[in-house]
Every structure is written in C-alpha cells, then in structure tokens.
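Here's final-v1.pdb, which has PDB, C-alpha atoms:
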```pdb
ATOM      1  CA  MET A   1      17.262   1.898 -12.042  1.00  0.00           C
ATOM      2  CA  THR A   2      13.628   1.844 -10.983  1.00  0.00           C
ATOM      3  CA  GLY A   3      12.478   5.001  -9.221  1.00  0.00           C
ATOM      4  CA  PRO A   4       9.385   7.087  -8.513  1.00  0.00           C
ATOM      5  CA  GLY A   5       9.122   7.918 -12.225  1.00  0.00           C
ATOM      6  CA  ASP A   6       8.400   4.267 -12.964  1.00  0.00           C
ATOM      7  CA  VAL A   7       5.082   4.379 -11.114  1.00  0.00           C
ATOM      8  CA  PRO A   8       2.367   5.330 -13.598  1.00  0.00           C
ATOM      9  CA  PRO A   9       1.262   8.921 -12.924  1.00  0.00           C
ATOM     10  CA  GLU A  10      -2.416   7.910 -12.982  1.00  0.00           C
ATOM     11  CA  TYR A  11      -1.765   5.627  -9.991  1.00  0.00           C
ATOM     12  CA  LEU A  12       0.078   8.368  -8.114  1.00  0.00           C
ATOM     13  CA  ALA A  13      -2.829  10.713  -8.829  1.00  0.00           C
ATOM     14  CA  GLN A  14      -5.118   8.272  -7.000  1.00  0.00           C
ATOM     15  CA  LEU A  15      -2.755   7.467  -4.108  1.00  0.00           C
ATOM     16  CA  ARG A  16      -1.393  10.895  -3.201  1.00  0.00           C
ATOM     17  CA  PRO A  17      -4.654  12.592  -2.134  1.00  0.00           C
ATOM     18  CA  VAL A  18      -5.577   9.654   0.091  1.00  0.00           C
ATOM     19  CA  CYS A  19      -2.184   9.295   1.736  1.00  0.00           C
ATOM     20  CA  LEU A  20      -1.373  12.983   2.081  1.00  0.00           C
ATOM     21  CA  GLY A  21      -4.879  13.688   3.357  1.00  0.00           C
ATOM     22  CA  LEU A  22      -4.102  11.744   6.529  1.00  0.00           C
ATOM     23  CA  PRO A  23      -2.860  13.716   9.579  1.00  0.00           C
ATOM     24  CA  GLU A  24       0.897  14.345   9.546  1.00  0.00           C
ATOM     25  CA  ALA A  25       1.475  11.886   6.681  1.00  0.00           C
ATOM     26  CA  CYS A  26       4.415  12.597   4.410  1.00  0.00           C
ATOM     27  CA  GLU A  27       5.626  11.277   1.077  1.00  0.00           C
ATOM     28  CA  GLU A  28       9.229  10.407   0.345  1.00  0.00           C
ATOM     29  CA  ALA A  29      11.330   8.527  -2.139  1.00  0.00           C
ATOM     30  CA  ALA A  30      12.002   4.986  -0.956  1.00  0.00           C
ATOM     31  CA  TRP A  31      14.868   2.728  -1.964  1.00  0.00           C
ATOM     32  CA  VAL A  32      12.643   2.144  -4.977  1.00  0.00           C
ATOM     33  CA  GLY A  33       9.334   3.847  -5.710  1.00  0.00           C
ATOM     34  CA  LEU A  34       7.549   6.121  -3.239  1.00  0.00           C
ATOM     35  CA  ARG A  35       6.393   5.599   0.293  1.00  0.00           C
ATOM     36  CA  TRP A  36       4.039   7.377   2.624  1.00  0.00           C
ATOM     37  CA  ARG A  37       4.862   7.528   6.291  1.00  0.00           C
ATOM     38  CA  ILE A  38       3.429   8.561   9.575  1.00  0.00           C
ATOM     39  CA  ARG A  39       6.446   9.727  11.504  1.00  0.00           C
ATOM     40  CA  THR A  40       8.982   6.891  11.056  1.00  0.00           C
ATOM     41  CA  ARG A  41       6.510   4.195  10.014  1.00  0.00           C
ATOM     42  CA  THR A  42       5.692   3.349   6.415  1.00  0.00           C
ATOM     43  CA  PHE A  43       1.973   2.747   5.885  1.00  0.00           C
ATOM     44  CA  ALA A  44       2.077   2.556   2.066  1.00  0.00           C
ATOM     45  CA  HIS A  45       4.747   1.913  -0.552  1.00  0.00           C
ATOM     46  CA  VAL A  46       4.204   1.928  -4.315  1.00  0.00           C
ATOM     47  CA  LEU A  47       6.718   0.722  -6.862  1.00  0.00           C
ATOM     48  CA  THR A  48       7.045  -0.923 -10.200  1.00  0.00           C
ATOM     49  CA  ILE A  49       8.761  -4.265  -9.775  1.00  0.00           C
ATOM     50  CA  ASP A  50      11.656  -5.000 -12.071  1.00  0.00           C
ATOM     51  CA  PRO A  51      12.173  -8.755 -11.507  1.00  0.00           C
ATOM     52  CA  ALA A  52      15.878  -8.405 -12.306  1.00  0.00           C
ATOM     53  CA  ARG A  53      16.313  -5.864  -9.471  1.00  0.00           C
ATOM     54  CA  GLN A  54      13.610  -6.663  -6.909  1.00  0.00           C
ATOM     55  CA  ALA A  55      13.613 -10.446  -6.816  1.00  0.00           C
ATOM     56  CA  ALA A  56      11.881 -10.695  -3.416  1.00  0.00           C
ATOM     57  CA  TYR A  57       8.954  -8.584  -4.643  1.00  0.00           C
ATOM     58  CA  ALA A  58       8.777 -10.453  -7.950  1.00  0.00           C
ATOM     59  CA  GLN A  59       8.712 -13.786  -6.118  1.00  0.00           C
ATOM     60  CA  SER A  60       5.987 -12.628  -3.699  1.00  0.00           C
ATOM     61  CA  PHE A  61       3.852 -11.414  -6.600  1.00  0.00           C
ATOM     62  CA  GLN A  62       4.672 -14.421  -8.769  1.00  0.00           C
ATOM     63  CA  THR A  63       5.655 -12.261 -11.704  1.00  0.00           C
ATOM     64  CA  ASP A  64       8.471 -12.272 -14.205  1.00  0.00           C
ATOM     65  CA  GLN A  65       7.456  -8.976 -15.814  1.00  0.00           C
ATOM     66  CA  GLU A  66       7.301  -5.359 -14.677  1.00  0.00           C
ATOM     67  CA  THR A  67       4.323  -4.944 -12.341  1.00  0.00           C
ATOM     68  CA  CYS A  68       3.169  -1.948 -10.309  1.00  0.00           C
ATOM     69  CA  ILE A  69       2.403  -2.880  -6.710  1.00  0.00           C
ATOM     70  CA  LEU A  70       1.261  -1.233  -3.520  1.00  0.00           C
ATOM     71  CA  THR A  71       2.240  -2.604  -0.119  1.00  0.00           C
ATOM     72  CA  PHE A  72       0.327  -1.685   3.023  1.00  0.00           C
ATOM     73  CA  ARG A  73      -0.521  -2.931   6.516  1.00  0.00           C
ATOM     74  CA  ALA A  74      -3.770  -4.714   7.233  1.00  0.00           C
ATOM     75  CA  PRO A  75      -5.428  -5.635  10.525  1.00  0.00           C
ATOM     76  CA  LEU A  76      -4.451  -9.219  11.377  1.00  0.00           C
ATOM     77  CA  GLU A  77      -8.107 -10.283  11.401  1.00  0.00           C
ATOM     78  CA  GLU A  78      -8.418  -9.103   7.770  1.00  0.00           C
ATOM     79  CA  ILE A  79      -5.320 -10.874   6.387  1.00  0.00           C
ATOM     80  CA  GLY A  80      -7.058 -14.223   5.833  1.00  0.00           C
ATOM     81  CA  GLY A  81      -9.881 -12.656   3.839  1.00  0.00           C
ATOM     82  CA  LEU A  82      -7.505 -10.656   1.654  1.00  0.00           C
ATOM     83  CA  VAL A  83      -5.302 -13.694   1.022  1.00  0.00           C
ATOM     84  CA  ALA A  84      -8.369 -15.826   0.209  1.00  0.00           C
ATOM     85  CA  THR A  85      -9.392 -13.234  -2.386  1.00  0.00           C
ATOM     86  CA  GLY A  86      -6.221 -14.064  -4.305  1.00  0.00           C
ATOM     87  CA  HIS A  87      -5.030 -11.898  -7.166  1.00  0.00           C
ATOM     88  CA  PRO A  88      -4.618  -8.910  -6.970  1.00  0.00           C
ATOM     89  CA  PHE A  89      -3.830  -9.414  -3.246  1.00  0.00           C
ATOM     90  CA  PHE A  90      -0.692 -11.106  -1.957  1.00  0.00           C
ATOM     91  CA  LYS A  91       0.671 -11.725   1.531  1.00  0.00           C
ATOM     92  CA  MET A  92       4.144 -10.271   1.811  1.00  0.00           C
ATOM     93  CA  SER A  93       6.770 -12.298   3.656  1.00  0.00           C
ATOM     94  CA  TRP A  94       8.337  -9.504   5.720  1.00  0.00           C
ATOM     95  CA  GLY A  95       5.827  -8.949   8.478  1.00  0.00           C
ATOM     96  CA  PRO A  96       2.622 -10.459   9.827  1.00  0.00           C
ATOM     97  CA  SER A  97       0.469  -7.531   8.735  1.00  0.00           C
ATOM     98  CA  VAL A  98       2.130  -6.610   5.425  1.00  0.00           C
ATOM     99  CA  MET A  99      -0.002  -7.138   2.319  1.00  0.00           C
ATOM    100  CA  GLY A 100       0.512  -6.313  -1.324  1.00  0.00           C
ATOM    101  CA  LEU A 101      -1.829  -5.341  -4.119  1.00  0.00           C
ATOM    102  CA  VAL A 102      -1.152  -5.378  -7.853  1.00  0.00           C
ATOM    103  CA  LEU A 103      -2.288  -2.068  -9.345  1.00  0.00           C
ATOM    104  CA  THR A 104      -3.989  -2.215 -12.734  1.00  0.00           C
ATOM    105  CA  PRO A 105      -6.351   0.004 -14.721  1.00  0.00           C
ATOM    106  CA  GLU A 106      -9.191  -2.011 -13.101  1.00  0.00           C
ATOM    107  CA  THR A 107      -8.090  -1.274  -9.502  1.00  0.00           C
ATOM    108  CA  ASP A 108     -10.961  -0.425  -7.155  1.00  0.00           C
ATOM    109  CA  TRP A 109      -9.720   2.921  -5.826  1.00  0.00           C
ATOM    110  CA  ALA A 110     -12.460   3.169  -3.190  1.00  0.00           C
ATOM    111  CA  GLU A 111     -11.207  -0.121  -1.742  1.00  0.00           C
ATOM    112  CA  VAL A 112      -7.618   1.157  -1.885  1.00  0.00           C
ATOM    113  CA  GLU A 113      -8.693   4.236   0.094  1.00  0.00           C
ATOM    114  CA  GLU A 114     -10.144   1.964   2.798  1.00  0.00           C
ATOM    115  CA  LEU A 115      -7.016  -0.190   2.876  1.00  0.00           C
ATOM    116  CA  LEU A 116      -4.659   2.783   3.103  1.00  0.00           C
ATOM    117  CA  THR A 117      -6.726   4.461   5.802  1.00  0.00           C
ATOM    118  CA  ASP A 118      -6.683   1.257   7.846  1.00  0.00           C
ATOM    119  CA  SER A 119      -2.939   0.880   7.242  1.00  0.00           C
ATOM    120  CA  TYR A 120      -2.309   4.407   8.490  1.00  0.00           C
ATOM    121  CA  CYS A 121      -4.510   3.846  11.557  1.00  0.00           C
ATOM    122  CA  LEU A 122      -2.601   0.703  12.480  1.00  0.00           C
ATOM    123  CA  LEU A 123       0.655   2.651  12.673  1.00  0.00           C
ATOM    124  CA  ALA A 124      -0.297   6.185  13.698  1.00  0.00           C
ATOM    125  CA  PRO A 125      -0.513   7.394  17.292  1.00  0.00           C
ATOM    126  CA  GLN A 126      -4.058   7.233  18.699  1.00  0.00           C
ATOM    127  CA  LYS A 127      -4.300  11.010  18.957  1.00  0.00           C
ATOM    128  CA  LEU A 128      -3.922  11.140  15.146  1.00  0.00           C
ATOM    129  CA  THR A 129      -6.189   8.190  14.361  1.00  0.00           C
ATOM    130  CA  ARG A 130      -9.003   9.963  16.225  1.00  0.00           C
ATOM    131  CA  LEU A 131      -8.774  12.720  13.598  1.00  0.00           C
ATOM    132  CA  VAL A 132      -9.288  10.312  10.678  1.00  0.00           C
ATOM    133  CA  ALA A 133     -12.637  10.029   8.945  1.00  0.00           C
ATOM    134  CA  ARG A 134     -12.909   6.380   8.024  1.00  0.00           C
ATOM    135  CA  PRO A 135     -14.362   5.474   4.628  1.00  0.00           C
ATOM    136  CA  PRO A 136     -17.602   3.442   4.736  1.00  0.00           C
ATOM    137  CA  GLY A 137     -16.742  -0.251   4.907  1.00  0.00           C
ATOM    138  CA  SER A 138     -13.374   0.284   6.587  1.00  0.00           C
ATOM    139  CA  ALA A 139     -12.328  -2.685   8.707  1.00  0.00           C
ATOM    140  CA  MET A 140     -11.472  -0.314  11.537  1.00  0.00           C
ATOM    141  CA  SER A 141     -14.522   1.995  11.457  1.00  0.00           C
TER     142      SER A 141
END
```
Would you mind writing the file's structure down as structure tokens?
Amino acid sequence: MTGPGDVPPEYLAQLRPVCLGLPEACEEAAWVGLRWRIRTRTFAHVLTIDPARQAAYAQSFQTDQETCILTFRAPLEEIGGLVATGHPFFKMSWGPSVMGLVLTPETDWAEVEELLTDSYCLLAPQKLTRLVARPPGSAMS
C-alpha cells in the first residue's frame, strides 16, 4: 500500500518547511501520501501514484508508472497559464481550482513555494492570510 513513506524524503524536505511555515497549517497522513491543511481545508497533497491503486490520479497525469505528484489550489485566473505550460502541470478533474504538478529532481522549488503559498491563501481565513509573507512573483501578492 502506498503511504507517506513512498514520497521521496528529499521532496518532503522541500515541502514541509514551506507548508508548516504558514499560520496554523498542519500536516497529516492522507488516504495516501501526506497533506497539509488549514483547519479543515487541504491546500497541498503529495503522493506517489501507483497506477494500479490510484487510477484517477494516473489518468490525470497520463502515467502508467509510479510518479510523485503534488496537488494544490490555484487562483482561477492562473489555471489557464499553468495548463498551457503543460508538463509538469496538469489540471485535476475534481475541482475548478485544483492543479497537479509532477515532482522530479528538476522541480523549481521556488515556484513550488509560490504555488503553495497561493494555495494556502485561497483557503485560509483572511485574518491568517494577512500574516503571510508572499514570495516575490506570487500570483496573489
């Protein structure tokens, strides 16, 4: 069974400080992989897709092999640009603002920080978003 241990530790080392550095954010095991939440809302979810077990994810990411992915929320006005970029970005089918990103050794972690900060700010209460320092280039700065 796929679980948090299937996410490469070097990816978790990049994601955890960003996600847990946001006000009141918490990390928890998800049905597969790990997710970061603000109260009851998930703003980031990382997992390694096993196509035999997570067919919906494998189909969205057009993969038939194990692939580590990150899902997040994006401002609706940014979705078109991310989709137009193509791989490593994918539009997820379970919500208008849900995007996915294939994580690889070449992942731009500064961009991921921007995306995760924006994702958090879309879901967090305004009193918490006012406490967030937005990375340069953030869509919501």
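Picture a line from atom CA of Glu114 of chain A to atom CA of Asp50 of chain A; it runs 27.3 Å.
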Distance cut-off 10 Å, centre (-4.5, 6.3, -2.9) in file coordinates, counting all atoms listed in the file: which residues qualify? Return them as a count of residues only.
23
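For the set A:Val98, A:Leu47, A:Leu103, A:Cys68, the residue with the smallest atom-to-atom gap to Leu122 of chain A is A:Val98, counting all atoms listed in the file.
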I want to know what sits within 6 Å of segment 75-91 of chain A, based on only C-alpha atoms, with residues of the same chain fewer than 6 positions away left out; could you give that as a short mmCIF file (atom, residue, chain, number, x, y, z; two decimals) with C-alpha atoms, in the frame of the given file?
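For reference, out.cif as written:
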```
data_model
loop_
_atom_site.label_atom_id
_atom_site.label_comp_id
_atom_site.auth_asym_id
_atom_site.auth_seq_id
_atom_site.Cartn_x
_atom_site.Cartn_y
_atom_site.Cartn_z
CA SER A 97 0.47 -7.53 8.74
CA MET A 99 0.00 -7.14 2.32
CA GLY A 100 0.51 -6.31 -1.32
CA LEU A 101 -1.83 -5.34 -4.12
CA VAL A 102 -1.15 -5.38 -7.85
#
```
Work out where the centre of an axis-aligned box around every listed atom of segment 103-110 of chain A lies and how long its edges are once 6 Å is added on each side; give both in Å to one decimal as JSON.
```
{"center_x": -7.4, "center_y": 0.5, "center_z": -9.0, "size_x": 22.2, "size_y": 17.4, "size_z": 23.5}
```
When you draw a straight line from atom CA of Leu128 of chain A to atom CA of Arg73 of chain A, how long is it in Å?
16.9 Å
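Among the candidates A:Val32, A:Gln126, A:Ala133, A:His45, the residue lying nearest to Asp6 of chain A is A:Val32 (atoms considered: only C-alpha atoms).
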From the set A:Ile49, A:Thr71, A:Leu123, A:Pro9, which residue has the shortest atom-to-atom contact distance to Arg35 of chain A, counting all atoms listed in the file?
A:Thr71
Atom CA of Ala74 of chain A to atom CA of Ala29 of chain A measures 22.2 Å
Identify, on the basis of only C-alpha atoms, every residue whose closest approach to Cys26 of chain A does not exceed 7 Å; exclude the query and any residue fewer than 3 positions from it along the same chain; express the result as a PDB file with C-alpha atoms, in the coordinates of the input.
```pdb
ATOM      1  CA  LEU A  20      -1.373  12.983   2.081  1.00  0.00           C
ATOM      2  CA  TRP A  36       4.039   7.377   2.624  1.00  0.00           C
ATOM      3  CA  ARG A  37       4.862   7.528   6.291  1.00  0.00           C
ATOM      4  CA  ILE A  38       3.429   8.561   9.575  1.00  0.00           C
TER       5      ILE A  38
END
```
